[in-house]
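Chemist: One structure coming up, written as structure tokens, with questions to follow.
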Amino acid sequence: MNTTLYPLLTTPKMVSPIWGGTRLAPWLDLPAPHPDQIGEIWLIYDQNRVTNGPLAGQSLAELARTYGATLVGERSFARYGADFPLLAKFIDSAERLSIQVHPDDAYAHRYEAASGFHGKTEAWYILDAAPGADITYGMRQTCDRNTFADAVHTGTLEELLERVPVTPGDMILVPAGTIHAINAGLLIFEIQERSDLTYRVYDYNRRDAKTGQLRELHLDKALDVCTFGPAHHAKLPHLNLAPGRDLLVACPYFALERWHLAGHADLEYQGSFEILTMIEGACSLIWAHGELPLRHGDAVVIPDSLKHCSLVGKATLMRVYVPDLPTLLAMLRRAGHTEDLLNATIPTL
């Protein structure tokens with residue numbers, strides 16, 4: 001472990017699911033060749049390989065095992081050990097995704113240990129939305145397991161589920177156990193636990209393009225983990241932290257801020273690694289031993305060991321870290337935010 005850590009760029013992973021669209025490549029000005037249809041770009045993921053500096057070629061997972069808390073921070077290391085714990089991605093839904101649900105950490109560790117994954121709580125920031133676009137989010141009213149299963153088998157599940165209209169700038173938290181679906185016409189920035197455990201409940205009888213078979217469902221596991229009632233975290237309020245800086249959501253797994261950078265700003269140390277994702281514009285990331293230019297679509301990991309960084313430029317960016325919730329709440333109370341707003345943006349999961 002002789003190399004001093006520095007901000008890490010990685011090779012994104014492109015995913016082309018059946019519901020994917022064609023907007024991401026031109027929006028991000030991706031160089032050819034790339035798939036015609038891209039549903040997801042996994043910007044930061046533990047299997048992505050570093051592209052810059054002396055650690056180029058190593059994956060984030062390999063670096064997390066080598067550097068431990070020096071990379072991810074003590075807070076994340078205490079919970080997950082030498083795992084890189086988060087996944088940041090862009091999503092383009094030309095068609096609606098399956099109705100699905102994710103397990104929490106406890107269920108994943110007990111029943112999915114072979115996968116190596118933890119549970120999956122995620123959050124969506126709506127970058128763009130077609131007129132009338134919506135998401136499927138929770139139940140219209142509380143039901144029981146048998147009623148839910150019967151609705152799946154009779155093709156009436158959608159009648160039980162809530163649809164929530166969304167527009168650009170909306171922030172939605174999807175805790176593990178929440179039945180949900182991203183519907184058509186949305187461009188999204190998503191931050192989530194790094195798990196890929198998805199239990200597909202209903203998929204509109206779509207068939208896999210390669211096999212011609214109906215796409216696999218995972219109803220038994222979904223019934224084990226699903227919360228059979230209304231969900232409460234759609235459209236979270238934004239909390240202003242400073243001029244040009246808003247907290248969009250915070251939970252035990254991640255915090256997400258939106259920055260409108262206009263000039264110079266310091267990144268206050270959060271006791272965690274950080275992920276910065278450029279949504280618009282360009283800037284430079286500056287630290288004691290270097291400077292890294294960032295453009296629209298770039299995502300960078302700032303190791304925990306870099307405690308003093310700053311940004312210079314004009315840009316809109318997403319900032320992610322693993323929060324110290326008590327400290328964050330105390331800071332927001334000092335800023336005058338009400339308990340109702342704090343409970344909405346920083347819910348107890």
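For the structure tokens, the naming scheme is as follows: chains receive sequential letters (A, B, ...) according to their order of presentation, residues are indexed from 1 within each chain, and ligands are indexed from 1 in presentation order.
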Neighbours of Trp259 of chain A within 10 Å (only C-alpha atoms; same-chain residues fewer than 3 positions away dropped), as an MDAnalysis selection string?

Modeler: chainID A and resid 241:247 256 262 265 276 278:279 315:319

Chemist: Could the residues in this selection be written to a file with N, CA, C and O atoms, as a PDB file, in the first residue's frame?

Modeler:
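After the write, out.pdb holds the following:
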ATOM      1  N   LEU A 241     -28.565  24.148   2.845  1.00  0.00           N
ATOM      2  CA  LEU A 241     -27.435  24.094   3.769  1.00  0.00           C
ATOM      3  C   LEU A 241     -26.581  25.355   3.697  1.00  0.00           C
ATOM      4  O   LEU A 241     -25.986  25.757   4.690  1.00  0.00           O
ATOM      5  N   ALA A 242     -26.502  25.936   2.500  1.00  0.00           N
ATOM      6  CA  ALA A 242     -25.699  27.132   2.250  1.00  0.00           C
ATOM      7  C   ALA A 242     -26.093  27.627   0.865  1.00  0.00           C
ATOM      8  O   ALA A 242     -26.761  26.904   0.119  1.00  0.00           O
ATOM      9  N   PRO A 243     -25.718  28.847   0.495  1.00  0.00           N
ATOM     10  CA  PRO A 243     -26.049  29.305  -0.857  1.00  0.00           C
ATOM     11  C   PRO A 243     -25.568  28.325  -1.919  1.00  0.00           C
ATOM     12  O   PRO A 243     -24.405  27.925  -1.943  1.00  0.00           O
ATOM     13  N   GLY A 244     -26.491  27.871  -2.773  1.00  0.00           N
ATOM     14  CA  GLY A 244     -26.143  26.947  -3.836  1.00  0.00           C
ATOM     15  C   GLY A 244     -25.967  25.513  -3.406  1.00  0.00           C
ATOM     16  O   GLY A 244     -25.520  24.676  -4.195  1.00  0.00           O
ATOM     17  N   ARG A 245     -26.332  25.186  -2.163  1.00  0.00           N
ATOM     18  CA  ARG A 245     -26.101  23.832  -1.640  1.00  0.00           C
ATOM     19  C   ARG A 245     -27.343  23.357  -0.896  1.00  0.00           C
ATOM     20  O   ARG A 245     -27.753  23.975   0.085  1.00  0.00           O
ATOM     21  N   ASP A 246     -27.959  22.268  -1.375  1.00  0.00           N
ATOM     22  CA  ASP A 246     -29.176  21.725  -0.774  1.00  0.00           C
ATOM     23  C   ASP A 246     -28.986  20.254  -0.426  1.00  0.00           C
ATOM     24  O   ASP A 246     -28.427  19.487  -1.221  1.00  0.00           O
ATOM     25  N   LEU A 247     -29.471  19.872   0.746  1.00  0.00           N
ATOM     26  CA  LEU A 247     -29.555  18.462   1.108  1.00  0.00           C
ATOM     27  C   LEU A 247     -30.850  17.905   0.549  1.00  0.00           C
ATOM     28  O   LEU A 247     -31.938  18.410   0.836  1.00  0.00           O
ATOM     29  N   LEU A 256     -27.341  12.705   0.046  1.00  0.00           N
ATOM     30  CA  LEU A 256     -27.216  13.264  -1.300  1.00  0.00           C
ATOM     31  C   LEU A 256     -27.466  14.757  -1.233  1.00  0.00           C
ATOM     32  O   LEU A 256     -28.503  15.204  -0.730  1.00  0.00           O
ATOM     33  N   ALA A 262     -20.802  28.182  -8.424  1.00  0.00           N
ATOM     34  CA  ALA A 262     -20.567  29.388  -9.219  1.00  0.00           C
ATOM     35  C   ALA A 262     -19.328  30.077  -8.668  1.00  0.00           C
ATOM     36  O   ALA A 262     -19.414  31.019  -7.880  1.00  0.00           O
ATOM     37  N   ALA A 265     -15.682  26.779  -4.031  1.00  0.00           N
ATOM     38  CA  ALA A 265     -16.347  26.251  -2.836  1.00  0.00           C
ATOM     39  C   ALA A 265     -15.478  25.158  -2.239  1.00  0.00           C
ATOM     40  O   ALA A 265     -14.894  24.329  -2.964  1.00  0.00           O
ATOM     41  N   LEU A 276     -18.733  12.527  -6.363  1.00  0.00           N
ATOM     42  CA  LEU A 276     -19.222  13.724  -7.038  1.00  0.00           C
ATOM     43  C   LEU A 276     -19.595  13.355  -8.465  1.00  0.00           C
ATOM     44  O   LEU A 276     -18.818  12.714  -9.178  1.00  0.00           O
ATOM     45  N   MET A 278     -21.123  15.051 -12.043  1.00  0.00           N
ATOM     46  CA  MET A 278     -21.393  16.299 -12.746  1.00  0.00           C
ATOM     47  C   MET A 278     -22.683  16.161 -13.560  1.00  0.00           C
ATOM     48  O   MET A 278     -22.797  15.290 -14.428  1.00  0.00           O
ATOM     49  N   ILE A 279     -23.642  17.035 -13.284  1.00  0.00           N
ATOM     50  CA  ILE A 279     -24.920  17.029 -13.994  1.00  0.00           C
ATOM     51  C   ILE A 279     -24.928  18.064 -15.113  1.00  0.00           C
ATOM     52  O   ILE A 279     -25.552  17.879 -16.154  1.00  0.00           O
ATOM     53  N   ALA A 315     -20.991  24.849 -12.323  1.00  0.00           N
ATOM     54  CA  ALA A 315     -21.514  23.499 -12.565  1.00  0.00           C
ATOM     55  C   ALA A 315     -22.646  23.198 -11.606  1.00  0.00           C
ATOM     56  O   ALA A 315     -22.786  23.826 -10.553  1.00  0.00           O
ATOM     57  N   THR A 316     -23.447  22.209 -11.991  1.00  0.00           N
ATOM     58  CA  THR A 316     -24.400  21.576 -11.084  1.00  0.00           C
ATOM     59  C   THR A 316     -23.920  20.152 -10.864  1.00  0.00           C
ATOM     60  O   THR A 316     -23.598  19.446 -11.833  1.00  0.00           O
ATOM     61  N   LEU A 317     -23.853  19.736  -9.618  1.00  0.00           N
ATOM     62  CA  LEU A 317     -23.318  18.405  -9.328  1.00  0.00           C
ATOM     63  C   LEU A 317     -24.064  17.773  -8.167  1.00  0.00           C
ATOM     64  O   LEU A 317     -24.659  18.449  -7.328  1.00  0.00           O
ATOM     65  N   MET A 318     -24.031  16.449  -8.146  1.00  0.00           N
ATOM     66  CA  MET A 318     -24.552  15.643  -7.059  1.00  0.00           C
ATOM     67  C   MET A 318     -23.391  15.232  -6.162  1.00  0.00           C
ATOM     68  O   MET A 318     -22.368  14.726  -6.653  1.00  0.00           O
ATOM     69  N   ARG A 319     -23.546  15.427  -4.849  1.00  0.00           N
ATOM     70  CA  ARG A 319     -22.514  15.061  -3.877  1.00  0.00           C
ATOM     71  C   ARG A 319     -23.081  13.987  -2.953  1.00  0.00           C
ATOM     72  O   ARG A 319     -24.116  14.188  -2.323  1.00  0.00           O
TER      73      ARG A 319
END

Chemist: Show me, as a list in words, the residues that have an atom within 6 Å of segment 5-17 of chain A when counting only C-alpha atoms, minus same-chain residues fewer than 2 positions from it.

Modeler: Trp19, Gly20, Gln37, Ile38, Gly39, Glu40, Ile41, Trp42, Leu43, Asn48, Arg49, Val50, Thr51, Asn52, Val300, Val301 and Ile302 of chain A

Chemist: Can you tell me, as a tab-separated table (two decimals) with all heavy atoms, in the first residue's frame, what residues are no more than 10 Å from Asp304 of chain A when counting only C-alpha atoms, ignoring any on the same chain fewer than 5 positions away?

Modeler:
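And here is the file that came out, result.tsv:
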chain	number	residue	atom	x	y	z
A	5	LEU	N	-3.55	7.74	-1.85
A	5	LEU	CA	-4.82	7.82	-2.57
A	5	LEU	C	-5.08	9.23	-3.09
A	5	LEU	O	-4.63	10.22	-2.50
A	5	LEU	CB	-5.96	7.39	-1.66
A	5	LEU	CG	-6.07	5.88	-1.40
A	5	LEU	CD1	-7.14	5.61	-0.34
A	5	LEU	CD2	-6.40	5.13	-2.68
A	6	TYR	N	-5.86	9.30	-4.15
A	6	TYR	CA	-6.17	10.54	-4.85
A	6	TYR	C	-7.57	10.39	-5.45
A	6	TYR	O	-8.13	9.28	-5.45
A	6	TYR	CB	-5.13	10.80	-5.95
A	6	TYR	CG	-4.97	9.62	-6.91
A	6	TYR	CD1	-5.75	9.50	-8.06
A	6	TYR	CD2	-4.06	8.59	-6.63
A	6	TYR	CE1	-5.62	8.41	-8.91
A	6	TYR	CE2	-3.92	7.50	-7.48
A	6	TYR	CZ	-4.71	7.42	-8.62
A	6	TYR	OH	-4.61	6.33	-9.46
A	7	PRO	N	-8.19	11.43	-5.97
A	7	PRO	CA	-9.53	11.30	-6.58
A	7	PRO	C	-9.51	10.31	-7.75
A	7	PRO	O	-8.63	10.37	-8.62
A	7	PRO	CB	-9.84	12.72	-7.05
A	7	PRO	CG	-9.07	13.59	-6.11
A	7	PRO	CD	-7.79	12.84	-5.87
A	68	GLY	N	-9.01	-0.16	2.81
A	68	GLY	CA	-9.97	-0.16	3.90
A	68	GLY	C	-10.52	1.22	4.22
A	68	GLY	O	-10.96	1.95	3.35
A	69	ALA	N	-10.48	1.58	5.51
A	69	ALA	CA	-11.06	2.84	5.96
A	69	ALA	C	-10.36	4.05	5.37
A	69	ALA	O	-10.95	5.14	5.29
A	69	ALA	CB	-11.04	2.92	7.48
A	70	THR	N	-9.13	3.90	4.93
A	70	THR	CA	-8.43	5.02	4.29
A	70	THR	C	-9.16	5.46	3.03
A	70	THR	O	-9.17	6.64	2.69
A	70	THR	CB	-6.99	4.62	3.95
A	70	THR	OG1	-6.34	4.14	5.12
A	70	THR	CG2	-6.20	5.79	3.38
A	71	LEU	N	-9.81	4.51	2.36
A	71	LEU	CA	-10.62	4.83	1.19
A	71	LEU	C	-12.06	5.16	1.58
A	71	LEU	O	-12.58	6.22	1.23
A	71	LEU	CB	-10.61	3.67	0.20
A	71	LEU	CG	-11.56	3.78	-1.01
A	71	LEU	CD1	-11.27	5.03	-1.82
A	71	LEU	CD2	-11.47	2.53	-1.89
A	72	VAL	N	-12.73	4.26	2.30
A	72	VAL	CA	-14.18	4.40	2.50
A	72	VAL	C	-14.56	5.18	3.74
A	72	VAL	O	-15.69	5.66	3.86
A	72	VAL	CB	-14.87	3.03	2.52
A	72	VAL	CG1	-14.64	2.29	1.21
A	72	VAL	CG2	-14.43	2.19	3.71
A	73	GLY	N	-13.64	5.30	4.71
A	73	GLY	CA	-13.95	6.01	5.94
A	73	GLY	C	-14.35	5.06	7.05
A	73	GLY	O	-14.84	3.95	6.81
A	74	GLU	N	-14.14	5.48	8.28
A	74	GLU	CA	-14.41	4.62	9.44
A	74	GLU	C	-15.89	4.26	9.56
A	74	GLU	O	-16.23	3.16	9.99
A	74	GLU	CB	-13.94	5.31	10.72
A	74	GLU	CG	-12.43	5.48	10.82
A	74	GLU	CD	-11.70	4.16	11.02
A	74	GLU	OE1	-12.37	3.15	11.30
A	74	GLU	OE2	-10.46	4.16	10.91
A	269	TYR	N	-15.18	18.32	5.12
A	269	TYR	CA	-14.92	16.89	5.35
A	269	TYR	C	-16.10	16.27	6.10
A	269	TYR	O	-16.55	16.78	7.12
A	269	TYR	CB	-13.63	16.73	6.14
A	269	TYR	CG	-13.31	15.32	6.53
A	269	TYR	CD1	-13.13	14.34	5.55
A	269	TYR	CD2	-13.18	14.95	7.87
A	269	TYR	CE1	-12.83	13.03	5.91
A	269	TYR	CE2	-12.88	13.66	8.22
A	269	TYR	CZ	-12.71	12.69	7.24
A	269	TYR	OH	-12.42	11.40	7.59
A	270	GLN	N	-16.59	15.13	5.59
A	270	GLN	CA	-17.78	14.49	6.14
A	270	GLN	C	-17.47	13.19	6.89
A	270	GLN	O	-18.38	12.47	7.29
A	270	GLN	CB	-18.78	14.19	5.02
A	270	GLN	CG	-19.30	15.43	4.31
A	270	GLN	CD	-20.13	16.32	5.22
A	270	GLN	OE1	-20.72	15.85	6.19
A	270	GLN	NE2	-20.18	17.60	4.92
A	271	GLY	N	-16.18	12.84	7.03
A	271	GLY	CA	-15.85	11.59	7.69
A	271	GLY	C	-16.19	10.37	6.86
A	271	GLY	O	-16.50	9.30	7.39
A	272	SER	N	-16.13	10.52	5.55
A	272	SER	CA	-16.54	9.47	4.62
A	272	SER	C	-15.89	9.73	3.28
A	272	SER	O	-15.51	10.87	2.95
A	272	SER	CB	-18.07	9.48	4.47
A	272	SER	OG	-18.50	8.78	3.32
A	273	PHE	N	-15.78	8.68	2.46
A	273	PHE	CA	-15.50	8.91	1.05
A	273	PHE	C	-16.65	9.71	0.45
A	273	PHE	O	-17.74	9.80	1.01
A	273	PHE	CB	-15.33	7.57	0.31
A	273	PHE	CG	-16.63	6.83	0.06
A	273	PHE	CD1	-17.30	6.97	-1.14
A	273	PHE	CD2	-17.17	6.02	1.05
A	273	PHE	CE1	-18.50	6.30	-1.37
A	273	PHE	CE2	-18.36	5.35	0.84
A	273	PHE	CZ	-19.03	5.49	-0.37
A	274	GLU	N	-16.43	10.30	-0.72
A	274	GLU	CA	-17.48	11.02	-1.41
A	274	GLU	C	-17.53	10.60	-2.87
A	274	GLU	O	-16.53	10.16	-3.44
A	274	GLU	CB	-17.26	12.54	-1.32
A	274	GLU	CG	-17.25	13.06	0.11
A	274	GLU	CD	-17.35	14.58	0.17
A	274	GLU	OE1	-17.80	15.19	-0.83
A	274	GLU	OE2	-17.00	15.14	1.22
A	321	TYR	N	-22.22	11.03	0.18
A	321	TYR	CA	-21.32	10.54	1.22
A	321	TYR	C	-22.13	9.72	2.22
A	321	TYR	O	-23.37	9.69	2.17
A	321	TYR	CB	-20.61	11.70	1.93
A	321	TYR	CG	-21.54	12.79	2.43
A	321	TYR	CD1	-22.08	12.76	3.71
A	321	TYR	CD2	-21.87	13.87	1.61
A	321	TYR	CE1	-22.93	13.77	4.17
A	321	TYR	CE2	-22.73	14.88	2.05
A	321	TYR	CZ	-23.25	14.82	3.33
A	321	TYR	OH	-24.10	15.80	3.76

Chemist: Any idea what's packed within 6 Å of segment 107-120 of chain A, counting only C-alpha atoms, ignoring anything in its chain fewer than 4 positions away? Could you give it as number ranges by chain?

Modeler: A: 102-103, 176, 193, 195

Chemist: If you run DSSP on this backbone, which residues of segment 119-225 of chain A come out as helix (DSSP H, G or I), and could you give them as an mmCIF file with C-alpha atoms, in the first residue's frame?

Modeler:
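Generated output (states.cif):
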data_model
loop_
_atom_site.group_PDB
_atom_site.id
_atom_site.type_symbol
_atom_site.label_atom_id
_atom_site.label_comp_id
_atom_site.auth_asym_id
_atom_site.auth_seq_id
_atom_site.Cartn_x
_atom_site.Cartn_y
_atom_site.Cartn_z
ATOM 1 C CA ARG A 145 -49.760 -11.058 1.780
ATOM 2 C CA ASN A 146 -52.499 -13.246 0.289
ATOM 3 C CA THR A 147 -54.387 -10.330 -1.245
ATOM 4 C CA PHE A 148 -51.155 -9.073 -2.809
ATOM 5 C CA ALA A 149 -50.256 -12.521 -4.195
ATOM 6 C CA ASP A 150 -53.753 -13.040 -5.579
ATOM 7 C CA ALA A 151 -53.555 -9.687 -7.389
ATOM 8 C CA VAL A 152 -50.279 -10.730 -9.014
ATOM 9 C CA HIS A 153 -51.775 -14.031 -10.199
ATOM 10 C CA THR A 154 -54.948 -12.384 -11.558
ATOM 11 C CA LEU A 157 -51.727 -5.825 -9.032
ATOM 12 C CA GLU A 158 -51.553 -2.349 -10.554
ATOM 13 C CA GLU A 159 -54.974 -1.580 -9.098
ATOM 14 C CA LEU A 160 -53.467 -1.889 -5.608
ATOM 15 C CA LEU A 219 -42.622 -13.588 -6.136
ATOM 16 C CA ASP A 220 -41.862 -15.750 -3.099
ATOM 17 C CA LYS A 221 -38.886 -13.635 -2.048
ATOM 18 C CA ALA A 222 -40.769 -10.439 -2.857
ATOM 19 C CA LEU A 223 -43.594 -11.489 -0.558
ATOM 20 C CA ASP A 224 -41.050 -12.122 2.195
ATOM 21 C CA VAL A 225 -39.658 -8.575 2.091
#

Chemist: Residues within 9 Å of Phe228 of chain A, please, as a compact mmCIF listing (two decimals) with all heavy atoms, in the first residue's frame. Count only C-alpha atoms; anything in the same chain fewer than 4 positions from it doesn't count.

Modeler:
# COMPACT_ATOMS: atom_id res chain seq x y z
N GLY A 138 -45.35 2.24 -3.62
CA GLY A 138 -46.12 1.79 -2.47
C GLY A 138 -47.55 1.39 -2.82
O GLY A 138 -47.97 1.39 -3.97
N MET A 139 -48.29 1.06 -1.79
CA MET A 139 -49.67 0.59 -1.93
C MET A 139 -50.64 1.76 -1.72
O MET A 139 -50.36 2.69 -0.98
CB MET A 139 -49.96 -0.49 -0.89
CG MET A 139 -48.91 -1.60 -0.79
SD MET A 139 -48.93 -2.71 -2.18
CE MET A 139 -50.52 -3.50 -1.95
N GLN A 141 -53.51 1.33 -0.25
CA GLN A 141 -53.93 1.10 1.13
C GLN A 141 -53.34 -0.22 1.60
O GLN A 141 -52.90 -1.04 0.78
CB GLN A 141 -55.46 1.08 1.24
CG GLN A 141 -56.13 0.03 0.38
CD GLN A 141 -57.65 0.17 0.40
OE1 GLN A 141 -58.19 1.20 0.74
NE2 GLN A 141 -58.33 -0.89 0.02
N THR A 142 -53.32 -0.41 2.89
CA THR A 142 -52.71 -1.61 3.45
C THR A 142 -53.51 -2.86 3.06
O THR A 142 -54.74 -2.85 3.07
CB THR A 142 -52.65 -1.50 4.99
OG1 THR A 142 -51.86 -0.35 5.33
CG2 THR A 142 -52.02 -2.74 5.59
N CYS A 143 -52.77 -3.90 2.67
CA CYS A 143 -53.40 -5.19 2.38
C CYS A 143 -52.56 -6.28 3.04
O CYS A 143 -51.57 -5.99 3.72
CB CYS A 143 -53.53 -5.42 0.88
SG CYS A 143 -51.97 -5.77 0.02
N ASP A 144 -52.96 -7.54 2.84
CA ASP A 144 -52.16 -8.63 3.41
C ASP A 144 -51.44 -9.38 2.30
O ASP A 144 -51.65 -9.14 1.11
CB ASP A 144 -53.03 -9.57 4.25
CG ASP A 144 -54.18 -10.21 3.46
OD1 ASP A 144 -54.04 -10.41 2.24
OD2 ASP A 144 -55.22 -10.50 4.08
N ARG A 145 -50.60 -10.30 2.71
CA ARG A 145 -49.76 -11.06 1.78
C ARG A 145 -50.61 -11.81 0.76
O ARG A 145 -50.32 -11.79 -0.45
CB ARG A 145 -48.88 -12.02 2.58
CG ARG A 145 -47.97 -12.90 1.77
CD ARG A 145 -47.26 -13.91 2.66
NE ARG A 145 -46.39 -14.80 1.91
CZ ARG A 145 -45.07 -14.80 1.99
NH1 ARG A 145 -44.46 -13.96 2.81
NH2 ARG A 145 -44.35 -15.65 1.27
N PHE A 148 -52.19 -9.52 -1.88
CA PHE A 148 -51.15 -9.07 -2.81
C PHE A 148 -50.82 -10.19 -3.81
O PHE A 148 -50.79 -9.96 -5.02
CB PHE A 148 -49.92 -8.67 -2.02
CG PHE A 148 -48.83 -8.05 -2.83
CD1 PHE A 148 -48.72 -6.67 -2.92
CD2 PHE A 148 -47.88 -8.83 -3.48
CE1 PHE A 148 -47.70 -6.09 -3.66
CE2 PHE A 148 -46.86 -8.27 -4.22
CZ PHE A 148 -46.77 -6.88 -4.31
N GLY A 177 -37.89 -2.85 0.89
CA GLY A 177 -39.23 -3.30 1.24
C GLY A 177 -40.34 -2.52 0.57
O GLY A 177 -41.51 -2.94 0.63
N THR A 178 -40.02 -1.41 -0.09
CA THR A 178 -41.03 -0.59 -0.77
C THR A 178 -41.29 -1.13 -2.17
O THR A 178 -40.37 -1.21 -2.99
CB THR A 178 -40.57 0.87 -0.87
OG1 THR A 178 -40.25 1.37 0.43
CG2 THR A 178 -41.65 1.74 -1.51
N ILE A 179 -42.52 -1.49 -2.47
CA ILE A 179 -42.89 -1.92 -3.82
C ILE A 179 -42.84 -0.68 -4.72
O ILE A 179 -43.34 0.38 -4.36
CB ILE A 179 -44.28 -2.59 -3.83
CG1 ILE A 179 -44.54 -3.29 -5.16
CG2 ILE A 179 -45.38 -1.64 -3.46
CD1 ILE A 179 -43.87 -4.62 -5.29
N LEU A 223 -42.59 -11.44 -1.62
CA LEU A 223 -43.59 -11.49 -0.56
C LEU A 223 -42.95 -11.52 0.82
O LEU A 223 -43.51 -11.01 1.80
CB LEU A 223 -44.49 -12.71 -0.75
CG LEU A 223 -45.42 -12.69 -1.96
CD1 LEU A 223 -46.10 -14.04 -2.15
CD2 LEU A 223 -46.46 -11.59 -1.84

Chemist: Ranking A:Ile135, A:Ala184, A:Ala78, A:Cys251 by minimum distance to Asp324 of chain A and counting only C-alpha atoms, which one comes first?

Modeler: A:Cys251

Chemist: Residues at most 12 Å from Leu248 of chain A, counting only C-alpha atoms, excluding those fewer than 2 positions away in the same chain, as an MDAnalysis selection string?

Modeler: chainID A and resid 123:126 169:173 191 233:241 245:246 250:251 254:259 318:320 341:342 344:347

Chemist: My list of candidates is A:Gly155, A:Gly53, A:Pro293, A:Pro165. Which is closest to Val312 of chain A when distances are computed with only C-alpha atoms?

Modeler: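 Comparing A:Gly155, A:Gly53, A:Pro293, A:Pro165 against Val312 of chain A, the winner is A:Pro293.
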
Chemist: Using DSSP on the backbone coordinates, identify all residues within segment 70-169 of chain A classified as strand (DSSP E); present the result as JSON, numbers by chain.

Modeler: {"A": [86, 87, 88, 89, 90, 91, 92, 93, 99, 100, 101, 122, 123, 124, 125, 126, 127, 128, 129, 134, 135, 136, 137, 138, 139, 161, 162, 163, 164, 165]}

Chemist: Let me make sure I understand: among A:Thr348, A:Thr66, A:Thr227, A:Thr121, which one has the smallest atom-to-atom distance to Asp105 of chain A if we use only C-alpha atoms?

Modeler: A:Thr121

Chemist: For atom CA of Ser310 of chain A and atom CA of Glu268 of chain A, determine how far apart the two atoms are, in Å to one decimal place.

Modeler: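 It comes out at 8.6 Å.
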
Chemist: Just want the 8 Å neighbourhood of segment 200-204 of chain A, counted on only C-alpha atoms, with same-chain residues fewer than 5 positions away dropped. Output as a ChimeraX atom specification.

Modeler: /A:97-101,152,215-219,222
